[in-house]
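S.K.: You'll find upload-v1.txt just under this line, and it carries compact mmCIF, C-alpha atoms and all ligand atoms.
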# COMPACT_ATOMS: atom_id res chain seq x y z
CA MET A 23 -35.06 -28.56 -73.66
CA MET A 24 -32.12 -27.07 -75.53
CA ASP A 25 -29.96 -24.71 -73.49
CA ILE A 26 -28.05 -22.19 -75.54
CA SER A 27 -25.57 -19.39 -74.90
CA VAL A 28 -25.70 -16.37 -77.17
CA LEU A 29 -22.44 -14.47 -77.72
CA GLY A 30 -23.14 -10.99 -79.07
CA ALA A 31 -26.21 -8.87 -78.47
CA GLY A 32 -26.02 -6.45 -81.38
CA ASN A 33 -28.24 -6.33 -84.47
CA VAL A 34 -28.25 -10.05 -85.08
CA GLY A 35 -28.08 -11.14 -81.45
CA LEU A 36 -30.97 -8.97 -80.25
CA ASN A 37 -33.11 -9.99 -83.20
CA LEU A 38 -32.41 -13.65 -82.54
CA LEU A 39 -33.49 -13.16 -78.92
CA ARG A 40 -36.68 -11.42 -80.07
CA ILE A 41 -37.48 -14.31 -82.42
CA LEU A 42 -36.79 -16.91 -79.75
CA LYS A 43 -39.09 -15.07 -77.38
CA GLU A 44 -41.89 -14.40 -79.85
CA LYS A 45 -41.82 -17.81 -81.55
CA ARG A 46 -41.31 -19.92 -78.46
CA ASP A 47 -44.67 -21.65 -78.87
CA VAL A 48 -44.03 -22.29 -82.55
CA PHE A 49 -40.70 -23.97 -81.79
CA ARG A 50 -42.45 -26.05 -79.15
CA SER A 51 -45.46 -27.14 -81.15
CA ARG A 52 -43.99 -27.42 -84.62
CA TYR A 53 -40.44 -28.58 -83.92
CA ARG A 54 -40.89 -30.03 -80.41
CA VAL A 55 -37.96 -28.06 -79.11
CA ASP A 56 -37.88 -25.74 -76.16
CA ILE A 57 -35.02 -23.31 -76.63
CA ASN A 58 -33.76 -21.92 -73.37
CA VAL A 59 -31.29 -19.04 -73.49
CA VAL A 60 -29.13 -19.52 -70.41
CA SER A 61 -26.59 -16.78 -71.12
CA VAL A 62 -26.17 -13.69 -73.26
CA SER A 63 -22.87 -11.85 -73.68
CA ASP A 64 -21.88 -8.52 -75.07
CA SER A 65 -18.40 -6.99 -75.03
CA ARG A 66 -18.68 -6.04 -71.38
CA THR A 67 -21.11 -8.36 -69.65
CA THR A 68 -22.37 -11.92 -69.62
CA VAL A 69 -25.73 -12.44 -67.96
CA PHE A 70 -26.62 -15.95 -66.88
CA GLU A 71 -29.61 -17.79 -65.54
CA PRO A 72 -29.42 -21.61 -65.42
CA ASN A 73 -33.19 -22.00 -65.78
CA GLY A 74 -33.35 -19.64 -68.74
CA LEU A 75 -33.15 -15.88 -68.92
CA ASP A 76 -36.28 -13.78 -68.97
CA LEU A 77 -35.70 -12.46 -72.46
CA GLY A 78 -38.69 -10.20 -72.70
CA GLY A 79 -38.82 -8.53 -69.37
CA GLU A 80 -35.14 -8.24 -68.80
CA VAL A 81 -32.44 -9.00 -71.28
CA ILE A 82 -33.76 -7.47 -74.49
CA GLU A 83 -34.96 -4.30 -72.81
CA ALA A 84 -31.77 -3.91 -70.79
CA LYS A 85 -29.56 -4.28 -73.86
CA ALA A 86 -31.82 -2.22 -76.08
CA SER A 87 -31.58 0.57 -73.50
CA GLY A 88 -27.82 0.33 -73.69
CA ASN A 89 -26.74 -1.73 -70.72
CA LEU A 90 -27.00 -5.52 -70.53
CA SER A 91 -25.94 -5.52 -66.90
CA ARG A 92 -29.22 -3.79 -66.02
CA ALA A 93 -30.97 -7.11 -66.61
CA GLU A 94 -31.89 -8.72 -63.34
CA ALA A 95 -29.71 -11.78 -63.73
CA LYS A 96 -26.47 -13.15 -62.42
CA THR A 97 -23.34 -12.09 -64.23
CA ILE A 98 -20.44 -14.41 -65.01
CA SER A 99 -17.19 -13.96 -66.88
CA PHE A 100 -17.10 -14.62 -70.62
CA ASP A 101 -14.87 -17.67 -70.12
CA GLU A 102 -17.41 -19.26 -67.81
CA ILE A 103 -19.85 -19.81 -70.67
CA PHE A 104 -17.84 -22.94 -71.48
CA ASP A 105 -18.45 -24.33 -68.00
CA ILE A 106 -22.16 -23.70 -67.55
CA ASP A 107 -24.85 -26.10 -68.73
CA ASN A 108 -25.43 -25.30 -72.39
CA GLU A 109 -25.56 -27.51 -75.43
CA VAL A 110 -25.08 -24.92 -78.11
CA ILE A 111 -22.93 -21.81 -78.32
CA VAL A 112 -24.22 -19.24 -80.79
CA ASP A 113 -21.56 -16.83 -82.03
CA LEU A 114 -23.00 -13.50 -83.15
CA MET A 115 -19.93 -11.40 -82.43
CA PRO A 116 -17.70 -9.70 -84.97
CA ALA A 117 -14.68 -11.83 -85.88
CA THR A 118 -11.13 -10.69 -85.51
CA GLN A 119 -9.48 -10.24 -88.92
CA ASP A 120 -7.41 -13.38 -88.59
CA GLY A 121 -10.48 -15.32 -87.46
CA VAL A 122 -8.50 -16.79 -84.60
CA ARG A 123 -9.32 -15.19 -81.26
CA GLY A 124 -12.79 -14.07 -82.25
CA GLY A 125 -13.95 -17.18 -84.06
CA ARG A 126 -11.77 -20.26 -84.39
CA ASP A 127 -10.53 -20.43 -80.80
CA ILE A 128 -14.04 -20.09 -79.43
CA TYR A 129 -15.35 -22.93 -81.63
CA MET A 130 -12.40 -25.20 -80.84
CA LYS A 131 -12.92 -24.66 -77.12
CA ALA A 132 -16.67 -25.22 -77.48
CA PHE A 133 -16.09 -28.57 -79.22
CA ARG A 134 -13.51 -29.61 -76.63
CA LYS A 135 -16.09 -28.87 -73.96
CA GLY A 136 -18.71 -30.91 -75.81
CA ARG A 137 -20.80 -28.06 -77.23
CA HIS A 138 -22.27 -27.60 -80.69
CA VAL A 139 -21.72 -24.26 -82.42
CA VAL A 140 -23.88 -21.99 -84.54
CA THR A 141 -22.21 -18.98 -86.12
CA ALA A 142 -23.23 -15.97 -88.15
CA ASN A 143 -19.63 -14.89 -88.24
CA LYS A 144 -18.62 -14.14 -91.77
CA ALA A 145 -15.45 -14.93 -93.63
CA PRO A 146 -12.50 -15.00 -91.24
CA PRO A 147 -13.06 -18.04 -89.01
CA LEU A 148 -14.56 -20.37 -91.59
CA ALA A 149 -12.75 -19.23 -94.71
CA LEU A 150 -9.32 -19.25 -93.07
CA HIS A 151 -9.63 -22.14 -90.62
CA TRP A 152 -12.27 -24.39 -92.17
CA ALA A 153 -10.30 -27.66 -92.11
CA GLN A 154 -9.12 -27.25 -88.54
CA ILE A 155 -12.56 -26.32 -87.24
CA MET A 156 -14.31 -29.18 -89.05
CA GLU A 157 -11.67 -31.72 -87.97
CA GLU A 158 -11.96 -30.64 -84.35
CA ALA A 159 -15.76 -30.87 -84.48
CA ALA A 160 -15.61 -34.37 -85.97
CA SER A 161 -12.98 -35.55 -83.50
CA ARG A 162 -15.11 -34.57 -80.52
CA GLY A 163 -17.83 -37.12 -81.10
CA GLY A 164 -19.32 -35.42 -84.13
CA LYS A 165 -20.08 -32.03 -82.69
CA MET A 166 -22.03 -29.87 -85.11
CA ILE A 167 -21.28 -26.45 -86.49
CA ARG A 168 -24.02 -24.63 -88.37
CA TYR A 169 -23.22 -21.53 -90.40
CA GLU A 170 -26.22 -20.85 -92.64
CA ALA A 171 -26.49 -17.25 -91.40
CA THR A 172 -23.04 -16.38 -92.71
CA VAL A 173 -24.23 -16.08 -96.30
CA ALA A 174 -27.66 -14.84 -97.26
CA GLY A 175 -29.36 -16.06 -94.11
CA GLY A 176 -32.77 -15.82 -95.76
CA VAL A 177 -31.73 -18.15 -98.57
CA PRO A 178 -31.00 -21.65 -97.28
CA LEU A 179 -28.03 -22.20 -99.54
CA PHE A 180 -25.90 -24.52 -97.43
CA SER A 181 -28.85 -26.62 -96.23
CA PHE A 182 -29.89 -26.96 -99.85
CA ARG A 183 -26.43 -28.20 -100.80
CA ASP A 184 -25.89 -30.37 -97.72
CA TYR A 185 -29.30 -32.00 -97.32
CA CYS A 186 -31.93 -31.12 -99.89
CA ILE A 187 -30.29 -32.12 -103.12
CA THR A 188 -28.48 -35.23 -101.98
CA PRO A 189 -27.64 -37.51 -103.73
CA SER A 190 -27.58 -35.18 -106.73
CA GLU A 191 -24.31 -33.71 -107.84
CA VAL A 192 -23.71 -29.96 -108.20
CA ILE A 193 -22.22 -29.52 -111.67
CA SER A 194 -21.98 -25.75 -111.74
CA PHE A 195 -23.32 -22.51 -110.35
CA ARG A 196 -24.72 -19.75 -112.51
CA GLY A 197 -24.10 -16.18 -111.41
CA GLY A 198 -26.37 -14.62 -108.86
CA ILE A 199 -26.15 -12.15 -106.04
CA VAL A 200 -26.80 -13.73 -102.68
CA SER A 201 -25.64 -10.88 -100.49
CA LEU A 202 -28.04 -8.21 -99.27
CA THR A 203 -25.11 -5.85 -98.81
CA VAL A 204 -23.98 -6.22 -102.43
CA ASN A 205 -27.57 -5.85 -103.57
CA LEU A 206 -27.92 -2.62 -101.62
CA VAL A 207 -24.66 -1.17 -102.96
CA MET A 208 -25.55 -2.06 -106.55
CA ARG A 209 -29.05 -0.64 -106.24
CA MET A 210 -27.61 2.63 -104.94
CA MET A 211 -25.00 2.71 -107.70
CA ALA A 212 -27.73 2.10 -110.29
CA ARG A 213 -29.45 5.20 -108.92
CA GLY A 214 -26.32 7.23 -109.50
CA GLY A 215 -24.55 6.80 -106.17
CA THR A 216 -20.88 5.92 -106.07
CA ALA A 217 -19.15 3.16 -104.22
CA SER A 218 -17.43 5.73 -102.03
CA ARG A 219 -20.62 7.50 -100.99
CA LYS A 220 -21.55 6.84 -97.38
CA LEU A 221 -24.59 4.54 -97.34
N1 LIG A 301 -25.92 -7.56 -89.52
C1 LIG A 301 -26.12 -8.46 -90.47
O1 LIG A 301 -26.99 -8.30 -91.35
C2 LIG A 301 -25.33 -9.75 -90.51
C3 LIG A 301 -25.70 -10.73 -91.41
C4 LIG A 301 -25.02 -11.94 -91.39
C5 LIG A 301 -23.98 -12.13 -90.51
N2 LIG A 301 -23.61 -11.14 -89.65
C6 LIG A 301 -22.52 -11.40 -88.72
O2 LIG A 301 -23.11 -11.53 -87.42
C7 LIG A 301 -22.20 -11.04 -86.45
C8 LIG A 301 -22.87 -9.95 -85.64
O3 LIG A 301 -23.28 -8.90 -86.50
P1 LIG A 301 -24.07 -7.66 -85.91
O4 LIG A 301 -24.50 -6.89 -87.07
O5 LIG A 301 -25.09 -8.13 -84.91
O6 LIG A 301 -22.90 -6.92 -85.12
P2 LIG A 301 -23.04 -5.82 -83.98
O7 LIG A 301 -24.37 -5.14 -84.05
O8 LIG A 301 -21.80 -5.01 -84.03
O9 LIG A 301 -23.06 -6.69 -82.63
C9 LIG A 301 -21.93 -7.38 -82.19
C10 LIG A 301 -22.17 -7.83 -80.76
O10 LIG A 301 -21.01 -8.55 -80.33
C11 LIG A 301 -20.58 -8.02 -79.08
N3 LIG A 301 -19.15 -8.20 -78.92
C12 LIG A 301 -18.14 -7.61 -79.61
N4 LIG A 301 -16.94 -8.03 -79.16
C13 LIG A 301 -17.21 -8.91 -78.15
C14 LIG A 301 -16.40 -9.68 -77.28
N5 LIG A 301 -15.06 -9.64 -77.34
N6 LIG A 301 -17.01 -10.46 -76.35
C15 LIG A 301 -18.35 -10.52 -76.26
N7 LIG A 301 -19.18 -9.81 -77.07
C16 LIG A 301 -18.62 -9.02 -78.01
C17 LIG A 301 -20.97 -6.56 -79.13
O11 LIG A 301 -20.98 -6.05 -77.82
P3 LIG A 301 -21.42 -4.53 -77.49
O12 LIG A 301 -22.92 -4.51 -77.67
O13 LIG A 301 -21.01 -4.35 -76.07
O14 LIG A 301 -20.69 -3.65 -78.44
C18 LIG A 301 -22.35 -6.65 -79.78
O15 LIG A 301 -23.33 -6.96 -78.83
C19 LIG A 301 -20.95 -10.56 -87.22
O16 LIG A 301 -20.01 -11.58 -87.23
C20 LIG A 301 -21.50 -10.30 -88.62
O17 LIG A 301 -20.50 -10.45 -89.60
C21 LIG A 301 -24.28 -9.96 -89.62
Let me see whether you can do it: turn the structure in this file into structure tokens.
Ligand SMILES: NC(=O)c1ccc[n+]([C@@H]2O[C@H](COP(=O)([O-])OP(=O)(O)OC[C@H]3O[C@@H](n4cnc5c(N)ncnc54)[C@H](OP(=O)(O)O)[C@@H]3O)[C@@H](O)[C@H]2O)c1
M.R.:
Amino acid sequence: MMDISVLGAGNVGLNLLRILKEKRDVFRSRYRVDINVVSVSDSRTTVFEPNGLDLGGEVIEAKASGNLSRAEAKTISFDEIFDIDNEVIVDLMPATQDGVRGGRDIYMKAFRKGRHVVTANKAPPLALHWAQIMEEAASRGGKMIRYEATVAGGVPLFSFRDYCITPSEVISFRGGIVSLTVNLVMRMMARGGTASRKL
């Protein structure tokens, strides 16, 4: 059983919860892992159930209808997610611009408390505080941080570099667009739109 806490229940967070619910049997049979979501937070509420939240019946519908607190589950404060039983903290919130409060500080605290971290949080935390975050993770008994979703989640770029091509050496990269957002903007510009036009 892997108990996880999900921070953020927006586009990415809700879709992750849907996948975890729909593919539960696949994770079990193919990867021998039972992923149990013990808490979900949005900007106002954190719902918590130590034995695993009822994603389908409660959490997803409550949030999709606009109010996470409608889910029939206990509520706790955001800070308490570091004290409940979870192994992994999944950050799907927007970062603050400096990557500190929303981002770095959460990961540092998670490592100190013995948790692994998964983040979809783009540039600020990792680009600005990479060394500090990685050092803290390593110094806490080799806690892991996974960040594949930060760049082209559908293209396993970091896993490819970190695991698949070892021990080969990357000599260079040729140009390519790995961002769906950039692709969308360029496609619209090719059709005559301008960068300033509202998408
Ligand atoms: N969308 C994408 O395609 C994509 C792709 C890759 C990476 N990302 C990254 O993934 C993250 C989430 O993106 P998204 O599109 O899902 O964003 P989103 O739809 O705006 O959702 C953000 C979620 O975080 C919650 N939140 C905001 N501030 C919070 C706080 N202080 N404490 C607790 N929860 C808080 C929001 O709560 P409320 O619901 O109450 O507002 C919302 O549920 C971002 O870092 C983004 O850069 C997104």
S.K.: Check the smallest atom-to-atom distance from each of A:Leu77, A:Met166, A:Ala171, A:Val59 to ligand LIG 301 (chain A) using only C-alpha atoms and all ligand atoms, then report the winner.
M.R.: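 Looking at the shortest contact to ligand LIG 301 (chain A), the residue is A:Ala171.
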S.K.: Using only C-alpha atoms, which residue out of A:Met156, A:Ile106, A:Leu179, A:Ile111 lies closest to Val139 in chain A?
M.R.: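 For Val139 in chain A, the nearest of the given residues is A:Ile111.
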S.K.: Centre and edge lengths of an axis-aligned box around all listed atoms of ligand LIG 301 (chain A), with 6 Å added on each side, are to be given in Å to one decimal, as JSON.
M.R.:
{"center_x": -21.0, "center_y": -7.9, "center_z": -83.7, "size_x": 23.9, "size_y": 20.5, "size_z": 27.3}
S.K.: Looking at only C-alpha atoms and all ligand atoms, which of A:Lys165, A:Arg66, A:Lys135, A:Arg183 is the one that sits closest to ligand LIG 301 (chain A)?
M.R.: A:Arg66
S.K.: Can you check which parts of range 75-178 of chain A lie within 10 Å of range 28-45 of chain A? Per residue, the shortest pair of atoms and distance in Å to one decimal, counting all atoms listed in the file, sorted by chain and number, as a tab-separated table.
M.R.:
residue	atom	partner	partner_atom	distance
A:Asp76	CA	A:Lys43	CA	9.0
A:Leu77	CA	A:Lys43	CA	6.5
A:Gly78	CA	A:Lys43	CA	6.8
A:Val81	CA	A:Leu39	CA	8.8
A:Ile82	CA	A:Leu36	CA	6.6
A:Glu83	CA	A:Leu36	CA	9.6
A:Lys85	CA	A:Ala31	CA	7.3
A:Ala86	CA	A:Leu36	CA	8.0
A:Leu90	CA	A:Ala31	CA	8.7
A:Phe100	CA	A:Leu29	CA	8.9
A:Ile103	CA	A:Leu29	CA	9.2
A:Val110	CA	A:Val28	CA	8.6
A:Ile111	CA	A:Val28	CA	6.2
A:Val112	CA	A:Val28	CA	4.9
A:Asp113	CA	A:Leu29	CA	5.0
A:Leu114	CA	A:Gly30	CA	4.8
A:Met115	CA	A:Gly30	CA	4.7
A:Pro116	CA	A:Gly30	CA	8.1
A:Val140	CA	A:Val28	CA	9.4
A:Thr141	CA	A:Leu29	CA	9.5
A:Ala142	CA	A:Val34	CA	8.3
A:Ala171	CA	A:Val34	CA	9.7
S.K.: What separation in Å, quoted to one decimal, exists between CA of Pro147 in chain A and CA of Asp105 in chain A?
M.R.: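 Separation of CA of Pro147 in chain A and CA of Asp105 in chain A: 22.6 Å.
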S.K.: Take the structure in the block and write a file for range 96-124 of chain A, N, CA, C and O atoms, as an mmCIF file, in the first residue's frame.
M.R.:
data_model
loop_
_atom_site.group_PDB
_atom_site.id
_atom_site.type_symbol
_atom_site.label_atom_id
_atom_site.label_comp_id
_atom_site.auth_asym_id
_atom_site.auth_seq_id
_atom_site.Cartn_x
_atom_site.Cartn_y
_atom_site.Cartn_z
ATOM 1 N N LYS A 96 -13.195 13.723 6.861
ATOM 2 C CA LYS A 96 -12.692 14.641 7.880
ATOM 3 C C LYS A 96 -11.955 15.771 7.192
ATOM 4 O O LYS A 96 -11.423 15.594 6.087
ATOM 5 N N THR A 97 -11.885 16.925 7.833
ATOM 6 C CA THR A 97 -11.008 17.965 7.306
ATOM 7 C C THR A 97 -9.895 18.229 8.321
ATOM 8 O O THR A 97 -10.109 18.113 9.529
ATOM 9 N N ILE A 98 -8.730 18.539 7.785
ATOM 10 C CA ILE A 98 -7.583 18.884 8.634
ATOM 11 C C ILE A 98 -6.973 20.162 8.073
ATOM 12 O O ILE A 98 -7.330 20.588 6.955
ATOM 13 N N SER A 99 -6.032 20.742 8.803
ATOM 14 C CA SER A 99 -5.379 21.936 8.260
ATOM 15 C C SER A 99 -4.312 21.501 7.258
ATOM 16 O O SER A 99 -3.836 20.357 7.296
ATOM 17 N N PHE A 100 -3.933 22.419 6.382
ATOM 18 C CA PHE A 100 -2.935 22.103 5.362
ATOM 19 C C PHE A 100 -1.640 21.602 6.010
ATOM 20 O O PHE A 100 -1.041 20.620 5.554
ATOM 21 N N ASP A 101 -1.232 22.253 7.100
ATOM 22 C CA ASP A 101 0.040 21.874 7.744
ATOM 23 C C ASP A 101 0.028 20.446 8.286
ATOM 24 O O ASP A 101 1.076 19.822 8.413
ATOM 25 N N GLU A 102 -1.156 19.961 8.594
ATOM 26 C CA GLU A 102 -1.237 18.610 9.169
ATOM 27 C C GLU A 102 -0.912 17.508 8.171
ATOM 28 O O GLU A 102 -0.702 16.363 8.574
ATOM 29 N N ILE A 103 -0.856 17.844 6.887
ATOM 30 C CA ILE A 103 -0.529 16.771 5.925
ATOM 31 C C ILE A 103 0.874 16.216 6.164
ATOM 32 O O ILE A 103 1.187 15.120 5.737
ATOM 33 N N PHE A 104 1.717 16.987 6.869
ATOM 34 C CA PHE A 104 3.072 16.498 7.135
ATOM 35 C C PHE A 104 3.109 15.610 8.369
ATOM 36 O O PHE A 104 4.155 15.067 8.705
ATOM 37 N N ASP A 105 1.997 15.497 9.058
ATOM 38 C CA ASP A 105 1.967 14.695 10.280
ATOM 39 C C ASP A 105 1.089 13.459 10.151
ATOM 40 O O ASP A 105 1.054 12.637 11.050
ATOM 41 N N ILE A 106 0.346 13.352 9.057
ATOM 42 C CA ILE A 106 -0.484 12.156 8.897
ATOM 43 C C ILE A 106 0.356 11.064 8.233
ATOM 44 O O ILE A 106 1.469 11.330 7.765
ATOM 45 N N ASP A 107 -0.188 9.858 8.184
ATOM 46 C CA ASP A 107 0.553 8.746 7.592
ATOM 47 C C ASP A 107 0.486 8.824 6.071
ATOM 48 O O ASP A 107 -0.516 8.436 5.467
ATOM 49 N N ASN A 108 1.514 9.332 5.456
ATOM 50 C CA ASN A 108 1.605 9.296 3.990
ATOM 51 C C ASN A 108 3.072 9.101 3.639
ATOM 52 O O ASN A 108 3.947 9.485 4.393
ATOM 53 N N GLU A 109 3.302 8.460 2.531
ATOM 54 C CA GLU A 109 4.700 8.242 2.114
ATOM 55 C C GLU A 109 5.121 9.275 1.096
ATOM 56 O O GLU A 109 6.289 9.620 0.977
ATOM 57 N N VAL A 110 4.151 9.717 0.310
ATOM 58 C CA VAL A 110 4.469 10.577 -0.825
ATOM 59 C C VAL A 110 3.561 11.799 -0.808
ATOM 60 O O VAL A 110 2.355 11.685 -0.599
ATOM 61 N N ILE A 111 4.167 12.962 -1.030
ATOM 62 C CA ILE A 111 3.396 14.191 -1.152
ATOM 63 C C ILE A 111 3.471 14.638 -2.614
ATOM 64 O O ILE A 111 4.566 14.761 -3.176
ATOM 65 N N VAL A 112 2.307 14.809 -3.212
ATOM 66 C CA VAL A 112 2.236 15.117 -4.639
ATOM 67 C C VAL A 112 1.802 16.570 -4.792
ATOM 68 O O VAL A 112 0.676 16.931 -4.442
ATOM 69 N N ASP A 113 2.704 17.402 -5.297
ATOM 70 C CA ASP A 113 2.430 18.841 -5.382
ATOM 71 C C ASP A 113 1.891 19.212 -6.758
ATOM 72 O O ASP A 113 2.629 19.231 -7.738
ATOM 73 N N LEU A 114 0.596 19.527 -6.795
ATOM 74 C CA LEU A 114 -0.040 19.935 -8.047
ATOM 75 C C LEU A 114 -0.677 21.302 -7.866
ATOM 76 O O LEU A 114 -1.764 21.580 -8.358
ATOM 77 N N MET A 115 0.029 22.149 -7.101
ATOM 78 C CA MET A 115 -0.447 23.510 -6.869
ATOM 79 C C MET A 115 0.378 24.457 -7.740
ATOM 80 O O MET A 115 1.481 24.116 -8.154
ATOM 81 N N PRO A 116 -0.119 25.659 -7.956
ATOM 82 C CA PRO A 116 0.730 26.632 -8.651
ATOM 83 C C PRO A 116 1.862 27.067 -7.725
ATOM 84 O O PRO A 116 1.662 27.152 -6.508
ATOM 85 N N ALA A 117 3.028 27.321 -8.279
ATOM 86 C CA ALA A 117 4.149 27.788 -7.441
ATOM 87 C C ALA A 117 4.032 29.282 -7.231
ATOM 88 O O ALA A 117 3.438 29.990 -8.034
ATOM 89 N N THR A 118 4.635 29.756 -6.144
ATOM 90 C CA THR A 118 4.838 31.189 -6.032
ATOM 91 C C THR A 118 5.997 31.550 -6.975
ATOM 92 O O THR A 118 6.802 30.690 -7.317
ATOM 93 N N GLN A 119 6.071 32.834 -7.366
ATOM 94 C CA GLN A 119 7.070 33.205 -8.379
ATOM 95 C C GLN A 119 8.500 32.942 -7.943
ATOM 96 O O GLN A 119 9.349 32.604 -8.764
ATOM 97 N N ASP A 120 8.754 33.080 -6.640
ATOM 98 C CA ASP A 120 10.119 32.827 -6.177
ATOM 99 C C ASP A 120 10.359 31.341 -5.912
ATOM 100 O O ASP A 120 11.477 30.940 -5.592
ATOM 101 N N GLY A 121 9.311 30.541 -6.042
ATOM 102 C CA GLY A 121 9.449 29.092 -5.851
ATOM 103 C C GLY A 121 9.739 28.681 -4.426
ATOM 104 O O GLY A 121 10.097 27.528 -4.169
ATOM 105 N N VAL A 122 9.562 29.606 -3.487
ATOM 106 C CA VAL A 122 9.954 29.323 -2.115
ATOM 107 C C VAL A 122 8.779 28.761 -1.311
ATOM 108 O O VAL A 122 8.731 27.581 -0.983
ATOM 109 N N ARG A 123 7.790 29.642 -1.057
ATOM 110 C CA ARG A 123 6.691 29.222 -0.175
ATOM 111 C C ARG A 123 5.859 28.119 -0.851
ATOM 112 O O ARG A 123 5.626 27.074 -0.273
ATOM 113 N N GLY A 124 5.442 28.405 -2.076
ATOM 114 C CA GLY A 124 4.758 27.363 -2.834
ATOM 115 C C GLY A 124 5.827 26.614 -3.604
ATOM 116 O O GLY A 124 6.254 27.060 -4.642
#
